[in-house]
file protein23.txt (compact mmCIF, C-alpha atoms and all ligand atoms)
# COMPACT_ATOMS: atom_id res chain seq x y z
CA MET A 1 48.53 90.45 142.05
CA GLU A 2 46.82 91.10 138.70
CA LYS A 3 49.00 91.86 135.66
CA PHE A 4 47.04 94.98 134.61
CA ALA A 5 44.47 97.35 136.08
CA ALA A 6 41.11 97.09 134.28
CA VAL A 7 40.69 100.86 134.33
CA ASP A 8 43.93 101.32 132.34
CA VAL A 9 42.72 98.91 129.66
CA ILE A 10 39.34 100.70 129.51
CA ARG A 11 41.02 104.13 129.25
CA ALA A 12 43.36 102.93 126.49
CA LYS A 13 40.46 101.76 124.32
CA ARG A 14 38.25 104.73 125.26
CA ASP A 15 40.95 107.05 123.92
CA GLY A 16 41.19 105.13 120.64
CA GLY A 17 44.36 103.17 121.45
CA ARG A 18 45.28 99.68 120.34
CA LEU A 19 45.18 96.97 123.04
CA SER A 20 48.14 94.59 123.18
CA GLY A 21 47.69 90.82 122.95
CA GLU A 22 48.72 90.60 126.62
CA GLN A 23 46.13 93.17 127.72
CA ILE A 24 43.40 91.36 125.78
CA ALA A 25 44.35 87.90 127.10
CA TRP A 26 44.38 89.28 130.63
CA VAL A 27 41.11 91.24 130.51
CA VAL A 28 39.08 88.37 128.98
CA ASP A 29 40.53 85.84 131.43
CA ALA A 30 40.12 88.16 134.44
CA TYR A 31 36.51 88.88 133.46
CA THR A 32 35.76 85.14 133.17
CA ARG A 33 37.21 84.50 136.65
CA GLY A 34 35.34 87.50 138.12
CA ALA A 35 38.45 89.66 138.72
CA VAL A 36 37.19 92.26 136.25
CA ALA A 37 33.75 93.48 137.36
CA GLU A 38 30.65 93.52 135.16
CA GLU A 39 30.62 97.35 135.14
CA GLN A 40 34.25 97.40 134.01
CA MET A 41 33.63 94.95 131.17
CA SER A 42 30.52 96.91 130.13
CA ALA A 43 32.62 100.08 129.90
CA LEU A 44 35.24 98.23 127.86
CA ALA A 45 32.59 96.67 125.58
CA MET A 46 31.17 100.15 124.95
CA ALA A 47 34.66 101.52 124.24
CA VAL A 48 35.19 98.69 121.73
CA PHE A 49 31.75 99.37 120.26
CA LEU A 50 32.63 103.05 119.71
CA ARG A 51 36.35 102.75 118.81
CA GLY A 52 36.48 99.33 117.13
CA MET A 53 39.39 96.90 117.08
CA ASP A 54 41.89 96.12 114.31
CA ALA A 55 42.38 92.65 112.82
CA GLY A 56 45.18 91.75 115.26
CA GLU A 57 43.13 92.81 118.29
CA ILE A 58 40.09 90.88 117.05
CA ALA A 59 42.17 87.71 116.52
CA ALA A 60 43.64 88.07 120.03
CA TRP A 61 40.19 88.71 121.57
CA THR A 62 38.85 85.59 119.84
CA GLY A 63 41.86 83.55 121.02
CA ALA A 64 41.32 84.69 124.61
CA MET A 65 37.66 83.62 124.47
CA ILE A 66 38.63 80.21 123.03
CA ASP A 67 41.21 79.80 125.82
CA SER A 68 38.53 80.48 128.46
CA GLY A 69 37.19 76.96 127.94
CA GLU A 70 37.85 73.60 126.34
CA ARG A 71 38.67 72.94 122.69
CA LEU A 72 37.28 69.68 121.31
CA ALA A 73 39.80 67.30 119.74
CA LEU A 74 38.07 65.83 116.71
CA ASP A 75 40.20 62.91 115.61
CA VAL A 76 37.44 61.10 113.74
CA GLY A 77 39.16 59.54 110.75
CA ARG A 78 37.79 62.01 108.18
CA PRO A 79 38.38 65.71 107.48
CA THR A 80 36.14 67.90 109.65
CA VAL A 81 34.27 70.91 108.31
CA ASP A 82 31.43 72.95 109.78
CA LYS A 83 29.00 75.63 108.63
CA HIS A 84 27.69 78.64 110.53
CA SER A 85 24.86 80.89 109.46
CA THR A 86 24.42 84.34 110.96
CA GLY A 87 20.70 83.52 111.05
CA GLY A 88 17.68 84.15 108.91
CA VAL A 89 13.99 83.37 108.49
CA GLY A 90 13.28 79.84 107.21
CA ASP A 91 16.99 78.99 107.41
CA LYS A 92 16.84 75.22 107.82
CA ILE A 93 19.95 74.63 105.67
CA THR A 94 21.89 72.83 108.44
CA LEU A 95 19.33 70.00 108.37
CA PRO A 96 19.98 68.82 104.79
CA LEU A 97 23.56 70.15 104.65
CA ALA A 98 25.15 68.21 107.54
CA PRO A 99 24.06 64.74 106.30
CA LEU A 100 24.80 65.73 102.68
CA VAL A 101 28.40 66.70 103.40
CA ALA A 102 28.80 63.56 105.55
CA ALA A 103 27.43 61.42 102.70
CA CYS A 104 30.12 63.01 100.47
CA GLY A 105 32.94 61.90 102.82
CA ALA A 106 33.64 64.70 105.34
CA ALA A 107 32.67 64.86 109.04
CA VAL A 108 30.37 67.69 110.15
CA PRO A 109 30.27 68.70 113.84
CA GLN A 110 27.39 71.19 114.10
CA LEU A 111 27.08 72.56 117.61
CA SER A 112 23.94 74.66 117.46
CA GLY A 113 21.75 76.92 119.52
CA ARG A 114 18.10 77.61 120.23
CA GLY A 115 16.09 80.41 118.68
CA LEU A 116 15.62 83.80 120.27
CA GLY A 117 13.55 86.49 118.61
CA HIS A 118 12.44 86.23 114.99
CA THR A 119 15.00 83.67 113.74
CA GLY A 120 14.43 80.04 114.70
CA GLY A 121 16.97 77.76 116.34
CA THR A 122 18.17 74.53 114.75
CA LEU A 123 17.73 72.59 118.02
CA ASP A 124 14.10 73.76 118.37
CA LYS A 125 13.42 72.52 114.85
CA LEU A 126 15.02 69.11 115.41
CA GLU A 127 13.22 68.67 118.74
CA SER A 128 9.95 68.43 116.80
CA ILE A 129 11.15 64.92 115.77
CA PRO A 130 9.75 62.45 118.34
CA GLY A 131 12.48 61.18 120.72
CA TRP A 132 15.34 63.32 119.31
CA ARG A 133 17.90 64.37 121.92
CA ALA A 134 19.97 67.60 121.65
CA ALA A 135 22.37 67.12 124.58
CA LEU A 136 25.37 64.88 123.83
CA SER A 137 28.62 64.41 125.74
CA ALA A 138 31.95 65.13 124.02
CA GLU A 139 32.51 61.33 123.75
CA GLU A 140 29.10 60.84 122.09
CA ILE A 141 29.86 63.64 119.60
CA VAL A 142 33.15 62.02 118.60
CA ARG A 143 31.58 58.53 118.35
CA GLN A 144 28.74 59.80 116.15
CA LEU A 145 31.16 61.67 113.90
CA ARG A 146 33.14 58.45 113.43
CA GLU A 147 30.10 56.25 112.84
CA VAL A 148 27.69 58.56 110.95
CA GLY A 149 29.83 61.52 109.89
CA ALA A 150 27.38 64.21 111.05
CA VAL A 151 26.14 65.45 114.39
CA VAL A 152 23.86 68.38 115.16
CA CYS A 153 23.60 68.92 118.91
CA ALA A 154 23.68 71.51 121.70
CA ALA A 155 27.01 73.25 122.33
CA THR A 156 28.64 71.84 125.48
CA GLU A 157 28.86 74.19 128.48
CA GLY A 158 32.65 74.16 128.39
CA LEU A 159 33.01 75.88 124.98
CA ALA A 160 34.05 79.56 125.19
CA PRO A 161 32.46 80.36 128.61
CA ALA A 162 33.84 83.93 128.33
CA ASP A 163 31.59 84.45 125.33
CA ARG A 164 28.49 83.24 127.20
CA LYS A 165 29.16 85.72 130.01
CA LEU A 166 30.08 88.58 127.68
CA TYR A 167 27.12 87.99 125.34
CA ALA A 168 24.66 88.24 128.27
CA LEU A 169 26.35 91.51 129.29
CA ARG A 170 26.30 92.92 125.73
CA ASP A 171 22.63 92.08 125.47
CA VAL A 172 21.76 94.48 128.33
CA THR A 173 24.34 97.21 127.62
CA GLY A 174 23.57 98.08 123.99
CA THR A 175 26.83 96.57 122.73
CA VAL A 176 25.61 93.63 120.64
CA GLU A 177 25.82 95.37 117.26
CA SER A 178 29.59 95.70 117.03
CA ILE A 179 31.28 93.79 114.21
CA PRO A 180 34.49 93.02 116.21
CA LEU A 181 32.42 91.70 119.13
CA ILE A 182 29.95 89.75 116.95
CA ALA A 183 32.72 88.22 114.84
CA SER A 184 34.86 87.19 117.83
CA SER A 185 31.78 85.78 119.59
CA ILE A 186 30.79 83.61 116.61
CA MET A 187 34.31 82.44 115.81
CA SER A 188 35.36 81.66 119.40
CA LYS A 189 32.56 79.07 119.64
CA LYS A 190 33.16 77.67 116.16
CA ILE A 191 36.94 77.37 116.56
CA ALA A 192 36.61 75.82 120.05
CA GLU A 193 34.39 73.17 118.47
CA GLY A 194 37.55 71.76 116.87
CA SER A 195 36.64 71.66 113.17
CA SER A 196 39.56 72.23 110.80
CA ALA A 197 37.52 74.15 108.21
CA LEU A 198 34.50 76.42 108.32
CA VAL A 199 32.06 77.85 105.79
CA LEU A 200 30.02 80.86 106.86
CA ASP A 201 26.66 81.89 105.48
CA VAL A 202 26.52 85.62 106.20
CA LYS A 203 23.05 86.95 105.54
CA ALA A 204 22.05 90.47 104.49
CA GLY A 205 18.53 91.83 104.45
CA SER A 206 15.40 92.57 106.47
CA GLY A 207 15.29 89.10 108.07
CA ALA A 208 19.00 89.10 108.98
CA PHE A 209 21.11 90.51 111.78
CA MET A 210 22.90 92.70 109.19
CA LYS A 211 20.34 94.71 107.27
CA THR A 212 22.62 95.98 104.49
CA GLU A 213 24.96 94.18 102.13
CA ALA A 214 27.82 96.52 103.12
CA GLN A 215 27.52 95.57 106.83
CA ALA A 216 27.21 91.88 105.99
CA ARG A 217 30.28 92.09 103.75
CA GLU A 218 32.33 93.68 106.52
CA LEU A 219 31.21 90.99 108.99
CA ALA A 220 32.04 88.26 106.45
CA ARG A 221 35.50 89.71 105.82
CA THR A 222 36.19 89.94 109.57
CA LEU A 223 35.02 86.35 110.16
CA VAL A 224 37.26 85.01 107.37
CA GLU A 225 40.25 86.96 108.78
CA ILE A 226 39.72 85.50 112.26
CA GLY A 227 39.47 81.93 110.93
CA THR A 228 42.63 82.38 108.88
CA ALA A 229 44.52 83.89 111.85
CA HIS A 230 43.59 80.81 113.92
CA GLY A 231 44.58 78.24 111.29
CA VAL A 232 41.00 77.30 110.36
CA ALA A 233 40.39 77.31 106.59
CA THR A 234 37.42 79.68 106.25
CA THR A 235 35.19 80.81 103.37
CA ALA A 236 32.09 83.02 103.60
CA LEU A 237 29.09 83.17 101.30
CA LEU A 238 27.16 86.42 101.32
CA THR A 239 23.46 85.61 100.83
CA GLY A 240 20.21 87.59 100.59
CA MET A 241 17.65 87.50 103.41
CA ASP A 242 14.91 89.93 102.33
CA VAL A 243 12.62 86.96 101.60
CA PRO A 244 12.24 83.79 103.74
CA LEU A 245 14.37 80.86 102.60
CA GLY A 246 12.19 78.11 101.10
CA SER A 247 8.49 77.85 101.87
CA ALA A 248 8.47 76.74 105.51
CA VAL A 249 9.16 78.95 108.53
CA GLY A 250 8.87 77.40 112.01
CA ASN A 251 9.88 74.09 113.55
CA ALA A 252 8.18 70.86 112.32
CA VAL A 253 7.33 72.53 108.98
CA GLU A 254 11.03 73.27 108.40
CA VAL A 255 12.01 69.69 109.25
CA ALA A 256 9.42 68.44 106.74
CA GLU A 257 10.85 70.76 104.07
CA ALA A 258 14.42 69.64 104.83
CA VAL A 259 13.33 65.99 104.42
CA GLU A 260 11.80 66.87 101.01
CA VAL A 261 15.18 68.32 99.98
CA LEU A 262 16.99 65.22 101.28
CA ARG A 263 14.66 63.07 99.19
CA GLY A 264 15.67 64.95 96.03
CA GLY A 265 12.79 67.50 95.95
CA GLY A 266 12.02 70.69 97.92
CA PRO A 267 12.17 74.41 97.06
CA ALA A 268 14.77 75.48 94.49
CA ASP A 269 16.36 78.16 96.74
CA VAL A 270 16.93 75.70 99.61
CA VAL A 271 18.48 73.19 97.19
CA GLU A 272 20.67 75.91 95.57
CA LEU A 273 22.08 77.14 98.88
CA THR A 274 22.52 73.64 100.33
CA VAL A 275 24.53 72.53 97.29
CA ALA A 276 26.56 75.77 97.14
CA LEU A 277 27.54 75.54 100.82
CA ALA A 278 28.28 71.80 100.49
CA LYS A 279 30.63 72.49 97.55
CA GLU A 280 32.57 75.07 99.56
CA MET A 281 32.73 72.79 102.61
CA LEU A 282 33.95 69.82 100.58
CA ALA A 283 36.58 71.95 98.80
CA LEU A 284 37.94 73.14 102.18
CA ALA A 285 37.87 69.55 103.47
CA GLY A 286 40.08 68.47 100.56
CA LEU A 287 37.28 66.68 98.67
CA PRO A 288 36.79 69.04 95.68
CA GLU A 289 35.81 66.20 93.33
CA ALA A 290 32.70 65.27 95.39
CA ASP A 291 29.38 65.98 93.66
CA PRO A 292 26.85 67.08 96.32
CA ALA A 293 24.09 67.84 93.75
CA ARG A 294 24.18 64.21 92.58
CA VAL A 295 24.37 62.81 96.14
CA LEU A 296 21.38 64.94 97.18
CA ALA A 297 19.29 63.90 94.19
CA SER A 298 20.20 60.19 94.67
CA GLY A 299 18.73 59.91 98.20
CA GLU A 300 22.12 58.92 99.74
CA ALA A 301 22.05 62.01 101.95
CA TYR A 302 18.57 61.01 103.19
CA GLU A 303 19.99 57.70 104.41
CA THR A 304 22.69 59.57 106.35
CA TRP A 305 19.98 61.88 107.79
CA CYS A 306 18.04 58.84 109.09
CA ARG A 307 21.18 57.43 110.72
CA MET A 308 22.02 60.84 112.22
CA ILE A 309 18.52 61.22 113.72
CA ARG A 310 18.44 57.62 115.04
CA ALA A 311 21.89 58.04 116.64
CA GLN A 312 20.29 60.75 118.80
CA ASP A 313 17.25 58.58 119.70
CA GLY A 314 14.92 60.26 117.18
CA ASP A 315 12.53 58.41 114.87
CA PRO A 316 12.99 59.82 111.34
CA GLU A 317 9.87 57.96 110.10
CA ALA A 318 7.53 59.17 112.91
CA PRO A 319 4.81 61.68 111.95
CA LEU A 320 5.72 65.27 112.83
CA PRO A 321 3.44 67.33 115.11
CA LYS A 322 0.43 68.91 113.35
CA PRO A 323 -1.05 72.29 114.39
CA ARG A 324 -4.48 72.46 116.03
CA HIS A 325 -5.40 75.52 113.96
CA VAL A 326 -4.57 76.67 110.40
CA HIS A 327 -5.43 80.17 109.10
CA VAL A 328 -5.08 80.85 105.37
CA VAL A 329 -4.13 84.30 103.99
CA THR A 330 -5.29 84.78 100.39
CA ALA A 331 -4.33 87.20 97.59
CA GLU A 332 -6.53 90.29 97.52
CA ARG A 333 -6.21 90.70 93.75
CA ASP A 334 -4.59 89.40 90.58
CA GLY A 335 -0.96 90.36 89.93
CA TYR A 336 2.59 89.35 90.82
CA LEU A 337 3.83 88.78 94.35
CA SER A 338 6.43 91.54 94.75
CA VAL A 339 7.20 91.60 98.50
CA LEU A 340 7.18 88.85 101.13
CA ASP A 341 9.17 90.48 103.87
CA ALA A 342 11.42 88.03 105.74
CA TYR A 343 11.40 89.98 109.00
CA ALA A 344 7.59 90.24 109.03
CA VAL A 345 7.19 86.51 108.32
CA GLY A 346 9.74 85.72 111.06
CA ILE A 347 7.89 87.88 113.60
CA ALA A 348 4.53 86.41 112.56
CA ALA A 349 5.84 82.82 112.97
CA TRP A 350 7.30 83.76 116.35
CA ARG A 351 3.96 85.24 117.48
CA LEU A 352 2.21 82.03 116.37
CA GLY A 353 4.37 80.19 118.91
CA ALA A 354 7.32 78.97 116.80
CA GLY A 355 9.86 81.04 118.76
CA ARG A 356 10.43 82.27 122.28
CA ALA A 357 10.82 85.70 123.89
CA ARG A 358 12.85 84.41 126.85
CA ARG A 359 15.39 81.61 127.02
CA GLU A 360 13.39 79.50 129.47
CA GLU A 361 10.18 79.47 127.38
CA ALA A 362 9.05 76.39 125.41
CA VAL A 363 8.27 76.63 121.69
CA GLN A 364 5.26 75.10 119.90
CA HIS A 365 6.70 72.50 117.56
CA ALA A 366 3.75 72.63 115.17
CA ALA A 367 3.65 76.44 114.92
CA GLY A 368 4.91 78.28 111.86
CA ILE A 369 4.09 79.57 108.40
CA LEU A 370 3.99 77.96 104.96
CA CYS A 371 4.64 80.48 102.16
CA LEU A 372 2.60 79.12 99.26
CA ALA A 373 3.89 81.72 96.77
CA LYS A 374 7.24 83.53 96.51
CA PRO A 375 8.11 86.96 95.03
CA GLY A 376 8.09 86.92 91.23
CA GLU A 377 5.20 84.43 90.97
CA ALA A 378 1.88 85.36 89.32
CA VAL A 379 -1.05 85.16 91.76
CA SER A 380 -4.81 85.49 91.34
CA ALA A 381 -7.45 86.96 93.65
CA GLY A 382 -8.44 84.47 96.36
CA GLN A 383 -5.38 82.26 95.86
CA PRO A 384 -3.88 81.06 99.18
CA LEU A 385 -0.57 82.86 99.82
CA LEU A 386 0.28 81.88 103.38
CA GLU A 387 -0.82 79.19 105.83
CA LEU A 388 -0.45 80.23 109.48
CA HIS A 389 -0.06 77.20 111.80
CA THR A 390 -0.57 77.40 115.57
CA ASP A 391 -1.90 75.52 118.59
CA THR A 392 -3.15 78.84 120.02
CA PRO A 393 -5.63 80.49 117.60
CA GLU A 394 -5.69 83.64 119.74
CA ALA A 395 -2.17 84.29 118.37
CA VAL A 396 -3.45 84.72 114.79
CA PRO A 397 -4.45 88.45 114.99
CA GLY A 398 -0.93 89.37 116.24
CA ALA A 399 0.63 87.39 113.39
CA LEU A 400 -1.64 89.09 110.83
CA GLU A 401 -0.71 92.49 112.26
CA ALA A 402 3.01 91.67 111.76
CA LEU A 403 2.29 90.74 108.13
CA SER A 404 0.17 93.82 107.41
CA GLY A 405 1.64 95.78 104.47
CA GLN A 406 4.55 93.30 104.19
CA VAL A 407 3.01 90.98 101.58
CA CYS A 408 2.53 93.01 98.40
CA ILE A 409 1.11 92.35 94.94
CA ALA A 410 2.27 94.40 91.92
CA ASP A 411 0.64 94.81 88.50
CA THR A 412 3.80 94.08 86.53
CA PRO A 413 6.17 91.10 86.76
CA VAL A 414 9.06 91.44 89.24
CA THR A 415 12.44 89.71 89.11
CA PRO A 416 13.39 88.10 92.43
CA ALA A 417 16.76 89.20 93.89
CA PRO A 418 19.64 86.70 93.59
CA LEU A 419 20.16 84.43 96.59
CA ILE A 420 23.97 84.13 96.57
CA LEU A 421 25.50 87.61 96.40
CA ASP A 422 29.22 86.83 96.70
CA THR A 423 31.84 84.38 97.99
CA LEU A 424 34.71 85.64 100.18
CA ARG A 425 37.76 83.39 100.40
CA ALA A 426 40.85 83.77 102.54
CA ARG A 427 43.70 85.53 100.76
CA PRO A 428 46.58 83.12 100.05
N1 LIG A 501 25.73 85.41 117.38
C1 LIG A 501 26.72 85.18 118.25
O1 LIG A 501 27.07 84.04 118.52
N2 LIG A 501 27.31 86.24 118.84
C2 LIG A 501 26.97 87.50 118.58
O2 LIG A 501 27.56 88.41 119.13
C3 LIG A 501 25.92 87.73 117.68
C4 LIG A 501 25.32 86.67 117.08
call {"tool": "encode", "arguments": {"input": "protein23.txt", "output": "structure tokens", "more": "lines below"}}
Ligand code: URA
result
Amino acid sequence: MEKFAAVDVIRAKRDGGRLSGEQIAWVVDAYTRGAVAEEQMSALAMAVFLRGMDAGEIAAWTGAMIDSGERLALDVGRPTVDKHSTGGVGDKITLPLAPLVAACGAAVPQLSGRGLGHTGGTLDKLESIPGWRAALSAEEIVRQLREVGAVVCAATEGLAPADRKLYALRDVTGTVESIPLIASSIMSKKIAEGSSALVLDVKAGSGAFMKTEAQARELARTLVEIGTAHGVATTALLTGMDVPLGSAVGNAVEVAEAVEVLRGGGPADVVELTVALAKEMLALAGLPEADPARVLASGEAYETWCRMIRAQDGDPEAPLPKPRHVHVVTAERDGYLSVLDAYAVGIAAWRLGAGRARREEAVQHAAGILCLAKPGEAVSAGQPLLELHTDTPEAVPGALEALSGQVCIADTPVTPAPLILDTLRARP
């Protein structure tokens, strides 16, 4: 005999009521076991989409999704801290950040996903390194955290299975874009991963999930509240995503750029965000005196990167895949680059083969885009602005169409928008 009737829970939310912790725990569990039907959960997801949930309901919903699966126990001899980004174009920050924070003394368990749509996936990027293996067992994750201090690998099947089922349903029922459902989905996976602290990079702009700063701020606030309610020290940075991050967008090109950063070079925006996130992570891990800018510049983080890649059978010294075809886009006139739209660059890279339209598709590891100039820079007619990389040259016209009107040159100098917009910390 079930504790509640699904239709009563649906009606309560449909009419704008507040669901109790017991109702939420039951409905998420019953859905995971198949006792609540797909059509009932889609009605409830739509009711939540339209009526929302308060902070207590969201914390309970997240807890129920965590309880649907296993929670990793990360007793690894160092404080654990993780980072999650809501996703953006050229966002390769995990690659330098995880070894950097490990080189500063914390342990970083980064359970990541693959790309879908215009934002790339961390695992797709790392798989361009010859030999590198994404799938690790829970024992391998713990061993690597003890020995190296950082692991970036595929999320194990047992983490928050309710979220996997519900996300697939939301995807086909128009209920993805709900802040309570997005926030509980993200945090259930991150909390189940077992880290004691979490820093979130919540992106706002054309290349992000949240297009406006106001939406991103609300998501960030909700994520921090959920972490706090579940005893995970959580901070969120609000960052701009109207322009791609760094110069490289794709797979192997992003790995190459991350390695430049780990060797003390690389684009200034990637370095700025990597160091800012590292500082927040180390503060939450109880290591506020660590100096990530110095560790990055010294090459110590690069050594940790090499150990992290080797631990997963990758060869950090092996050449990365090169594209069969490169198409260069040049400036039409003299002036100042004023717009380089992140969404357009993400779509163009995806069309070149860097991303996938369906989960089962393979990506081209050498495909992507190099942005040779960024907004604010002076450019002259004929100067190369973008390099389009692909193994399938027939993809170039589609990529150029995506970029049409989205790379603009102005007559007067423009000031680029700031990268870090705000920092949201849990209230004491
Ligand atoms: N990412 C997630 O993990 N879940 C969502 O609902 C949206 C983005």
call {"tool": "closest_atom_pairs", "arguments": {"input": "protein23.txt", "of": "region 139-193 of chain A", "to": "region 218-240 of chain A", "cutoff": "7 Å", "atoms": "all atoms listed in the file", "output": "tab-separated table"}}
result
residue	atom	partner	partner_atom	distance
A:Ile179	CA	A:Leu219	CA	5.9
A:Ala183	CA	A:Leu223	CA	5.5
A:Met187	CA	A:Leu223	CA	6.9
call {"tool": "residues_around", "arguments": {"input": "protein23.txt", "residues": "Leu287 (chain A)", "least_positions_apart": "2", "cutoff": "9 Å", "atoms": "all atoms listed in the file", "output": "ChimeraX atom specification"}}
result
/A:79,104-106,279,281-285,289-290
call {"tool": "residues_around", "arguments": {"input": "protein23.txt", "residues": "Ala297 (chain A)", "least_positions_apart": "2", "cutoff": "9 Å", "atoms": "all atoms listed in the file", "output": "number ranges by chain"}}
result
A: 261-265, 292-295, 299-301
call {"tool": "residues_near_ligand", "arguments": {"input": "protein23.txt", "ligand": "ligand LIG 501 (chain A)", "cutoff": "9 Å", "atoms": "only C-alpha atoms and all ligand atoms", "output": "list of chain:residue names"}}
result
A:Thr86, A:Gly87, A:Gly113, A:Asp163, A:Arg164, A:Leu166, A:Tyr167, A:Arg170, A:Asp171, A:Thr175, A:Val176, A:Glu177, A:Ser178, A:Ile179, A:Pro180, A:Leu181, A:Ile182, A:Ala183, A:Ser184, A:Ser185, A:Ile186, A:Met187, A:Ser188, A:Lys189, A:Phe209
call {"tool": "write_last_selection", "arguments": {"input": "protein23.txt", "atoms": "C-alpha atoms", "output": "PDB file, in the coordinates of the input"}}
result
ATOM      1  CA  THR A  86      24.420  84.340 110.960  1.00  0.00           C
ATOM      2  CA  GLY A  87      20.700  83.520 111.050  1.00  0.00           C
ATOM      3  CA  GLY A 113      21.750  76.920 119.520  1.00  0.00           C
ATOM      4  CA  ASP A 163      31.590  84.450 125.330  1.00  0.00           C
ATOM      5  CA  ARG A 164      28.490  83.240 127.200  1.00  0.00           C
ATOM      6  CA  LEU A 166      30.080  88.580 127.680  1.00  0.00           C
ATOM      7  CA  TYR A 167      27.120  87.990 125.340  1.00  0.00           C
ATOM      8  CA  ARG A 170      26.300  92.920 125.730  1.00  0.00           C
ATOM      9  CA  ASP A 171      22.630  92.080 125.470  1.00  0.00           C
ATOM     10  CA  THR A 175      26.830  96.570 122.730  1.00  0.00           C
ATOM     11  CA  VAL A 176      25.610  93.630 120.640  1.00  0.00           C
ATOM     12  CA  GLU A 177      25.820  95.370 117.260  1.00  0.00           C
ATOM     13  CA  SER A 178      29.590  95.700 117.030  1.00  0.00           C
ATOM     14  CA  ILE A 179      31.280  93.790 114.210  1.00  0.00           C
ATOM     15  CA  PRO A 180      34.490  93.020 116.210  1.00  0.00           C
ATOM     16  CA  LEU A 181      32.420  91.700 119.130  1.00  0.00           C
ATOM     17  CA  ILE A 182      29.950  89.750 116.950  1.00  0.00           C
ATOM     18  CA  ALA A 183      32.720  88.220 114.840  1.00  0.00           C
ATOM     19  CA  SER A 184      34.860  87.190 117.830  1.00  0.00           C
ATOM     20  CA  SER A 185      31.780  85.780 119.590  1.00  0.00           C
ATOM     21  CA  ILE A 186      30.790  83.610 116.610  1.00  0.00           C
ATOM     22  CA  MET A 187      34.310  82.440 115.810  1.00  0.00           C
ATOM     23  CA  SER A 188      35.360  81.660 119.400  1.00  0.00           C
ATOM     24  CA  LYS A 189      32.560  79.070 119.640  1.00  0.00           C
ATOM     25  CA  PHE A 209      21.110  90.510 111.780  1.00  0.00           C
TER      26      PHE A 209
END
call {"tool": "closest_residue", "arguments": {"input": "protein23.txt", "among": "A:His118, A:Lys83, A:Arg71, A:His327", "to": "Ala160 (chain A)", "atoms": "only C-alpha atoms"}}
result
A:Arg71
call {"tool": "closest_atom_pairs", "arguments": {"input": "protein23.txt", "of": "region 23-105 of chain A", "to": "region 346-361 of chain A", "cutoff": "9 Å", "atoms": "all atoms listed in the file", "output": "Markdown table"}}
result
| residue | atom | partner | partner_atom | distance |
| --- | --- | --- | --- | --- |
| A:Gly88 | CA | A:Gly346 | CA | 8.4 |
| A:Val89 | CA | A:Gly346 | CA | 5.5 |
| A:Gly90 | CA | A:Gly346 | CA | 7.9 |
call {"tool": "write_last_selection", "arguments": {"input": "protein23.txt", "atoms": "C-alpha atoms", "output": "compact mmCIF listing (two decimals), in the frame of the given file"}}
result
# COMPACT_ATOMS: atom_id res chain seq x y z
CA GLY A 88 17.68 84.15 108.91
CA VAL A 89 13.99 83.37 108.49
CA GLY A 90 13.28 79.84 107.21
call {"tool": "residues_near_point", "arguments": {"input": "protein23.txt", "point": "(24.0, 68.7, 122.0)", "cutoff": "8 Å", "atoms": "only C-alpha atoms", "output": "PyMOL selection string"}}
result
chain A and resi 111-112+133-137+152-156
call {"tool": "closest_residue", "arguments": {"input": "protein23.txt", "among": "A:Ala107, A:Ala64, A:Val48, A:Ala204", "to": "Ala25 (chain A)", "atoms": "only C-alpha atoms"}}
result
A:Ala64
call {"tool": "residues_near_point", "arguments": {"input": "protein23.txt", "point": "(26.8, 83.8, 94.2)", "cutoff": "12 Å", "atoms": "all atoms listed in the file", "output": "PyMOL selection string"}}
result
chain A and resi 201+236-240+272-273+275-277+280+417-424
call {"tool": "closest_atom_pairs", "arguments": {"input": "protein23.txt", "of": "region 329-376 of chain A", "to": "region 243-250 of chain A", "cutoff": "9 Å", "atoms": "all atoms listed in the file", "output": "CSV"}}
result
residue,atom,partner,partner_atom,distance
A:Val339,CA,A:Val243,CA,7.8
A:Leu340,CA,A:Val243,CA,5.8
A:Asp341,CA,A:Val243,CA,5.4
A:Ala342,CA,A:Val243,CA,4.4
A:Tyr343,CA,A:Val243,CA,8.1
A:Val345,CA,A:Pro244,CA,7.3
A:Gly346,CA,A:Val249,CA,7.3
A:Ala349,CA,A:Gly250,CA,6.3
A:Trp350,CA,A:Gly250,CA,7.9
A:Gly353,CA,A:Gly250,CA,8.7
A:Ala354,CA,A:Gly250,CA,5.3
A:Gly355,CA,A:Gly250,CA,7.7
A:Gln364,CA,A:Gly250,CA,9.0
A:His365,CA,A:Gly250,CA,7.7
A:Ala366,CA,A:Gly250,CA,7.7
A:Ala367,CA,A:Gly250,CA,6.1
A:Gly368,CA,A:Gly250,CA,4.1
A:Ile369,CA,A:Val249,CA,5.1
A:Leu370,CA,A:Ala248,CA,4.7
A:Cys371,CA,A:Ser247,CA,4.7
A:Leu372,CA,A:Ser247,CA,6.6
A:Ala373,CA,A:Ser247,CA,7.9
A:Lys374,CA,A:Ser247,CA,7.9
A:Pro375,CA,A:Val243,CA,8.0
call {"tool": "closest_residue", "arguments": {"input": "protein23.txt", "among": "A:Leu19, A:Ala216, A:Met65, A:Val326", "to": "Gly158 (chain A)", "atoms": "all atoms listed in the file"}}
result
A:Met65
call {"tool": "atom_distance", "arguments": {"input": "protein23.txt", "atom1": "CA of Val328 (chain A)", "atom2": "CA of Glu260 (chain A)"}}
result
22.3 Å
